[in-house]
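A.B. asks: What follows is a structure written as structure tokens; I'll ask about it next.
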Amino acid sequence: MTADQSHEHEHVSLSGEEAPPPPPIAPAEPGTFKKALRQKRFTVGLGITVLLVAFVIFAPYLAPYGENEVAGPPYNKATGLFGTDYLGQDVLSRVMHGGGEILLIALLGTLLGMVLGIAIGVVAAYGGGWWDEVLMRLNDVILSFPQILLALVVLTALQRPSAWVLIVLVGVSHAPRVARLARGVALGIVTRDFVIAAEALGERRSRVILAEVLPNMNAPLLAEGGLRLTYSIGLVGALGFLGFSADPGAANWGQMIQENRLGLATQPWAVLAPVLIIAIFAIGTNLMADGIAQVAQRGDN
Amino acid sequence: MLIHGATGGSSKDTLDPHAPVTAADIARVNNLYEPLLFWNNNYELEPALAESVEGSEDAKTWTIKMRAGVTFHNGKTVTADDAWKSIQRVANPDAPLSAGGQLSTILDFGACKVVDDTTLQLVLKAPYAILDSLLAEYTLGIIPGGEFDPANPVGTGAFAYKSFEPGKTSTFTKYADYWGDAAFVDELQIQDFSDDSARVNALQAGQIQTVDNLPYNLVDTIKGAGGGTLITDTGAWVPFTMRVDQAPFNDVKVRQAFRLIVDRQQMIDQALSGYGSLGNDMYAPFDVAYAADLPQREQDIDQAKALLKEAGQEGLQVELFTGDDIGSVATAAANLFKEQAKAAGVDVKVTKKTPFYDDQYLQYTFAQDFWNTRNYIPQAVVGTFPPDQGGTYNETHWDNADHRDLVNAAAQELDDTKRAELLHQAQEIEYNEGGLIIWGFRQQVDGYGPNVNGLEGSKYLPLGSYKFNKVSVQ
């Protein structure tokens with residue numbers, strides 16, 4: 001592997017010397033977002049996401065009932081817009097209160113997963129050889145567990161999950177997937193001329209990574225981040241549905257589906273309302289990610 | 001054929017007549033085996049395999065006359081010897097089984113004797129006025145020679161064993177020579193389901209005919225699908241349990257405050273969808289000695305606050321343990337309590353444990369539990385006595401000698417009026433100082449398909465005490 005790579009180094013730098021320096025090496029950073037904004041897909045996704053985030057933040061102040069306030073008899077369709085849930089709480093108010101935890105855990109978990117994954121991936125790619133081998137094989141070990149299974153094993157052992165545990169779990173379970181992608185993208189960059197030039201100038205390795213490698217990865221990583229956020233929402237929702245949430249009484253979209261699924265035939269809104277909002281949220285972030293991905297691909301061409 | 005859907009079963013399912021655990025086990029045991037007496041649908045004692053159970057005047061010697069002409073599924077006649085050996089298995093002093101806890105301590109094993117094929121004489125170490133009620137538990141089925149053979153279980157019930165796959169399904173065939181009303185259906189199948197939604201869907205689709213313990217908020221769903229619901233008053237309760245030997249509940253004022261925080265009617269309306277009756281922090285509502293004259297406790301936030309202030313516990317924070325395995329009512333009630341306690345300035349953190357019934361059970365400072373219909377004396381013994389005196393499920397660690405003496409005295413008292421008086425005093429102590437918050441008694445709600453006839457509700461066990469011989473399927 002080491003031999004291969006150094007060979008590749010040589011080859012690339014040789015071809016670089018032969019041809020005149022190619023122009024499109026300029027950092028893509030300022031361009032990606034602007035280019036993405038011209039994408040209909042991205043703007044729609046961004047619009048949905050921003051609206052939903054605003055809803056999650058402000059809706060609790062506007063909800064007609066409190067989070068745990070009893071509004072009427074259980075599974076009553078006549079109370080409020082969406083009726084009541086298994087305990088007689090107002091479904092609309094529960095949906096309005098229930099996004100905070102899911103959003104926060106999904107966002108922070110994604111962020112953590114991205115940071116961890118990029119760090120691992122870039123270090124593996126840039127370090128090469130032995131580093132690459134060890135990091136990526138360890139990565140493969142974690143990767144072999146399905147995300148939800150990993151989370152369930154830990155949560156079952158812990159009994160009482162706090163929000164932090166969920167964030168770490170979401171983050172850690174994302175990291176190996178992000179690391180794979182980050183390594184792949186970084187491999188294409190660490191062999192480019194400007195990186196070799198920076199090395200030749202005697203820049204510290206950490207500086208090379210931060211100033212030369214990372215800025216050139218932002219488009220595919222942004223796309224990946226959006227995708228991971230979508231998965232995070234799904235994962236946190238699924239964990240809530242399986243009964244793992246920080247507070248069993250709190251409104252939480254995933255947990256609401258679980259609490260009310262028995263009443264699906266009598267009072268479908270108690271399940272459909274949280275399902276729909278999770279779906280809309282996921283579609284929004286996914287469209288966003290898709291838009292960035294398209295820009296990133298075009299940029300590479 | 002009749003198929004009954006049950007939940008809670010697992011690979012640990014059993015056909016042991018004396019050790020059923022889950023609702024599926026209880027349904028099986030009730031159709032395969034029968035005790036000497038039985039609680040009828042109105043929760044009164046009724047003869048079953050025994051024609052009569054009569055105590056001597058000092059309540060120390062009890063004579064049991066066996067019903068004539070009753071045969072086991074293997075054709076052998078049921079004798080007094082079978083009954084005595086079954087009792088011995090249950091009341092083994094070294095390892096008493098669920099129905100034998102009290103029997104094992106009061107029976108004078110050396111003096112008891114089988115008089116003849118149809119007469120058994122039980123002699124007690126001390127008078128015990130309600131021995132007959134101990135012999136009526138469904139967990140005291142009579143089996144040949146008192147020996148349980150898991151490969152070929154034999155009883156006297158209306159259905160005989162055919163096949164059994166733990167956690168999945170069990171099949172029973174009609175026992176034609178049954179001494180009572182022979183079954184209408186030729187075959188009974190008890191099917192395990194992993195959760196209520198699967199079971200309710202199966203009922204709606206006509207794949208099964210009966211379900212027990214229907215979630216309360218699904219009554220309308222079943223009715224909408226053309227099925228029927230069987231709704232019966234019971235003495236079953238889902239209390240909050242406060243440990244009286246641990247802070248903050250070692251202060252009686254805190255316990256009293258918590259009992260005043262509960263909005264009992266709201267609990268019934270929301271957690272039971274209205275299918276229940278008010279509780280007054282005392283159990284055994286069907287006992288003739290139930291202290292119905294004590295004033296009904298109601299929510300009183302001001303007084304609760306005052307009591308908490310006196311106890312120096314303003315702004316109290318407590319953790320309330322709940323779990324899905326207590327039953328769907330428990331989590332709902334816990335979430336309601338959290339909200340109700342806010343008004344009194346008490347911050348309740350609800351923690352859902354999976355499973356709730358692990359080695360922490362009986363150690364929780366503040367938690368929940370569930371109990372079925374029982375009379376006062378057996379319930380008081382099992383739930384409020386110290387473990388070495390029979391209190392195997394004393395969640396609140398209640399240890400009150402005055403209360404205990406009253407209960408023990410009542411168990412030996414032959415005069416009904418005097419016994420009721422003693423029990424009234426015992427209940428008053430618990431009403432004023434106890435560690436249980438009994439906010440209500442739930443009604444039993446079972447569901448059945450549109451083609452099912454003959455079901456009658458029972459105050460004792462779900463689905464008319466699972467007497468499937470009375471059920472016909474069109």
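Every chain in the structure tokens takes a letter, A first, then B, and so on in the order presented; its residues are numbered from 1, and the ligands are numbered from 1 following the presented order.
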Only residues of chain B matter here; which ones have an atom within 8 Å of chain A, counting only C-alpha atoms? Give them as a list in words.

C.D. replies: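 Per the criterion, chain B yields Asp196, Ser197, Asn217, Leu218, Asp220, Thr221, Asp269, Gln270, Ala271, Ser273, Ala332, Asn335, Leu336, Glu339, Val350, Thr351, Lys352, Lys353 and Thr354 of chain B.
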
A.B. asks: Could you give me, as a list in words, the residues within 12 Å of Leu112 in chain A, counting only C-alpha atoms and dropping anything in the same chain fewer than 3 positions from it?

C.D. replies: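 The contact residues come out as Leu104, Ile105, Ala106, Leu107, Leu108, Gly109, Val115, Leu116, Gly117, Ile118, Ala119, Trp164, Leu166, Ile167, Val168, Leu169, Val170, Gly171, Val172, Ser173, His174, Ala175, Pro176, Val178, Gly225, Arg228, Leu229 and Ser232 of chain A.
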
A.B. asks: Which distance in Å separates CA of Gly99 in chain A and CA of Val165 in chain A, to one decimal?

C.D. replies: 18.0 Å

A.B. asks: Would you pick out the contacts of Met242 in chain B at 7 Å or less, using only C-alpha atoms, so that residues sharing its chain but fewer than 6 positions from it are not included, and give the list as a list of chain:residue names?

C.D. replies: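 In the requested form, the answer reads B:Phe249, B:Thr365, B:Phe366, B:Ala367, B:Thr396, B:Gly435, B:Leu436.
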
A.B. asks: Tell me, which residues of range 204-339 of chain B carry DSSP alpha helix (DSSP H), written as a VMD selection string?

C.D. replies: chain B and resid 204 219 to 224 252 to 261 264 to 266 301 to 310 328 to 339

A.B. asks: Can I get the selected residues back with C-alpha atoms, as a CSV table (one decimal), in the first residue's frame?

C.D. replies:
```csv
chain,number,residue,atom,x,y,z
B,204,GLN,CA,-60.6,-7.5,14.0
B,219,VAL,CA,-63.1,-0.3,23.3
B,220,ASP,CA,-64.5,1.9,20.5
B,221,THR,CA,-62.2,0.3,18.0
B,222,ILE,CA,-63.4,-3.2,18.7
B,223,LYS,CA,-67.0,-2.1,18.8
B,224,GLY,CA,-66.5,-0.3,15.5
B,252,VAL,CA,-46.0,10.5,57.2
B,253,LYS,CA,-46.9,14.1,56.3
B,254,VAL,CA,-45.2,13.7,52.9
B,255,ARG,CA,-47.2,10.5,52.3
B,256,GLN,CA,-50.4,12.2,53.2
B,257,ALA,CA,-49.5,15.2,51.0
B,258,PHE,CA,-48.9,12.9,48.0
B,259,ARG,CA,-52.3,11.2,48.6
B,260,LEU,CA,-53.9,14.6,48.4
B,261,ILE,CA,-52.1,15.6,45.3
B,264,ARG,CA,-58.4,10.4,41.3
B,265,GLN,CA,-61.2,11.2,38.9
B,266,GLN,CA,-58.8,12.4,36.3
B,301,ILE,CA,-53.5,20.9,46.7
B,302,ASP,CA,-53.6,23.6,49.4
B,303,GLN,CA,-53.6,21.0,52.2
B,304,ALA,CA,-50.9,19.0,50.4
B,305,LYS,CA,-48.8,22.1,50.2
B,306,ALA,CA,-49.3,22.9,53.9
B,307,LEU,CA,-48.3,19.3,54.8
B,308,LEU,CA,-45.2,19.5,52.7
B,309,LYS,CA,-44.3,22.8,54.3
B,310,GLU,CA,-44.8,21.3,57.8
B,328,SER,CA,-50.3,0.2,30.0
B,329,VAL,CA,-52.2,1.9,32.8
B,330,ALA,CA,-49.1,2.5,34.8
B,331,THR,CA,-47.1,4.8,32.5
B,332,ALA,CA,-50.2,6.8,31.7
B,333,ALA,CA,-50.9,7.2,35.4
B,334,ALA,CA,-47.3,8.2,36.1
B,335,ASN,CA,-47.4,10.9,33.4
B,336,LEU,CA,-50.6,12.2,34.8
B,337,PHE,CA,-49.2,12.3,38.4
B,338,LYS,CA,-46.2,14.2,37.2
B,339,GLU,CA,-48.5,16.9,35.9
```

A.B. asks: Give me the residues near range 233-239 of chain B as a PyMOL selection string, where near means some atom within 7 Å (using only C-alpha atoms) and where sequence neighbours in that chain fewer than 4 positions away do not count.

C.D. replies: chain B and resi 284-286+330+368-374+436-444+459-460

A.B. asks: Restricted to N, CA and C atoms, what would the selected residues look like written as a PDB file, in the first residue's frame?

C.D. replies:
```pdb
ATOM      1  N   ALA B 284     -58.974  -4.254  48.465  1.00  0.00           N
ATOM      2  CA  ALA B 284     -59.999  -5.267  48.739  1.00  0.00           C
ATOM      3  C   ALA B 284     -61.408  -4.692  48.836  1.00  0.00           C
ATOM      4  N   PRO B 285     -61.881  -4.024  47.780  1.00  0.00           N
ATOM      5  CA  PRO B 285     -63.206  -3.391  47.841  1.00  0.00           C
ATOM      6  C   PRO B 285     -64.362  -4.390  47.920  1.00  0.00           C
ATOM      7  N   PHE B 286     -64.125  -5.651  47.547  1.00  0.00           N
ATOM      8  CA  PHE B 286     -65.213  -6.630  47.590  1.00  0.00           C
ATOM      9  C   PHE B 286     -65.274  -7.363  48.925  1.00  0.00           C
ATOM     10  N   ALA B 330     -50.057   1.941  33.905  1.00  0.00           N
ATOM     11  CA  ALA B 330     -49.052   2.476  34.823  1.00  0.00           C
ATOM     12  C   ALA B 330     -48.359   3.715  34.268  1.00  0.00           C
ATOM     13  N   GLN B 368     -44.534   2.095  41.097  1.00  0.00           N
ATOM     14  CA  GLN B 368     -45.893   1.607  40.887  1.00  0.00           C
ATOM     15  C   GLN B 368     -45.886   0.085  40.932  1.00  0.00           C
ATOM     16  N   ASP B 369     -47.062  -0.494  40.941  1.00  0.00           N
ATOM     17  CA  ASP B 369     -47.175  -1.946  40.911  1.00  0.00           C
ATOM     18  C   ASP B 369     -48.597  -2.286  40.464  1.00  0.00           C
ATOM     19  N   PHE B 370     -48.897  -3.568  40.274  1.00  0.00           N
ATOM     20  CA  PHE B 370     -50.289  -3.914  39.978  1.00  0.00           C
ATOM     21  C   PHE B 370     -50.735  -5.096  40.821  1.00  0.00           C
ATOM     22  N   TRP B 371     -51.986  -5.096  41.197  1.00  0.00           N
ATOM     23  CA  TRP B 371     -52.576  -6.161  42.003  1.00  0.00           C
ATOM     24  C   TRP B 371     -53.936  -6.531  41.442  1.00  0.00           C
ATOM     25  N   ASN B 372     -54.291  -7.820  41.595  1.00  0.00           N
ATOM     26  CA  ASN B 372     -55.622  -8.254  41.164  1.00  0.00           C
ATOM     27  C   ASN B 372     -56.563  -8.337  42.356  1.00  0.00           C
ATOM     28  N   THR B 373     -57.792  -8.748  42.099  1.00  0.00           N
ATOM     29  CA  THR B 373     -58.805  -8.824  43.144  1.00  0.00           C
ATOM     30  C   THR B 373     -58.408  -9.801  44.251  1.00  0.00           C
ATOM     31  N   ARG B 374     -58.450  -9.352  45.486  1.00  0.00           N
ATOM     32  CA  ARG B 374     -58.230 -10.222  46.627  1.00  0.00           C
ATOM     33  C   ARG B 374     -59.027  -9.690  47.792  1.00  0.00           C
ATOM     34  N   LEU B 436     -49.320   3.372  50.329  1.00  0.00           N
ATOM     35  CA  LEU B 436     -49.897   3.115  49.019  1.00  0.00           C
ATOM     36  C   LEU B 436     -50.832   4.250  48.625  1.00  0.00           C
ATOM     37  N   ILE B 437     -50.731   4.666  47.370  1.00  0.00           N
ATOM     38  CA  ILE B 437     -51.741   5.585  46.841  1.00  0.00           C
ATOM     39  C   ILE B 437     -52.620   4.753  45.924  1.00  0.00           C
ATOM     40  N   ILE B 438     -53.823   4.448  46.394  1.00  0.00           N
ATOM     41  CA  ILE B 438     -54.736   3.631  45.596  1.00  0.00           C
ATOM     42  C   ILE B 438     -55.806   4.565  45.053  1.00  0.00           C
ATOM     43  N   TRP B 439     -55.613   4.985  43.811  1.00  0.00           N
ATOM     44  CA  TRP B 439     -56.471   6.033  43.251  1.00  0.00           C
ATOM     45  C   TRP B 439     -57.717   5.467  42.603  1.00  0.00           C
ATOM     46  N   GLY B 440     -57.721   4.170  42.339  1.00  0.00           N
ATOM     47  CA  GLY B 440     -58.918   3.645  41.701  1.00  0.00           C
ATOM     48  C   GLY B 440     -58.826   2.145  41.496  1.00  0.00           C
ATOM     49  N   PHE B 441     -59.969   1.551  41.186  1.00  0.00           N
ATOM     50  CA  PHE B 441     -60.027   0.140  40.817  1.00  0.00           C
ATOM     51  C   PHE B 441     -60.449   0.076  39.367  1.00  0.00           C
ATOM     52  N   ARG B 442     -59.680  -0.675  38.588  1.00  0.00           N
ATOM     53  CA  ARG B 442     -59.964  -0.665  37.161  1.00  0.00           C
ATOM     54  C   ARG B 442     -61.043  -1.694  36.840  1.00  0.00           C
ATOM     55  N   GLN B 443     -61.800  -1.400  35.823  1.00  0.00           N
ATOM     56  CA  GLN B 443     -62.733  -2.403  35.340  1.00  0.00           C
ATOM     57  C   GLN B 443     -61.969  -3.324  34.400  1.00  0.00           C
ATOM     58  N   GLN B 444     -62.406  -4.565  34.355  1.00  0.00           N
ATOM     59  CA  GLN B 444     -61.804  -5.501  33.427  1.00  0.00           C
ATOM     60  C   GLN B 444     -62.481  -5.321  32.081  1.00  0.00           C
ATOM     61  N   LYS B 459     -65.695 -11.035  38.367  1.00  0.00           N
ATOM     62  CA  LYS B 459     -64.922 -10.089  39.166  1.00  0.00           C
ATOM     63  C   LYS B 459     -63.560 -10.661  39.515  1.00  0.00           C
ATOM     64  N   TYR B 460     -63.374 -11.949  39.298  1.00  0.00           N
ATOM     65  CA  TYR B 460     -62.161 -12.614  39.755  1.00  0.00           C
ATOM     66  C   TYR B 460     -61.042 -12.545  38.723  1.00  0.00           C
TER      67      TYR B 460
END
```
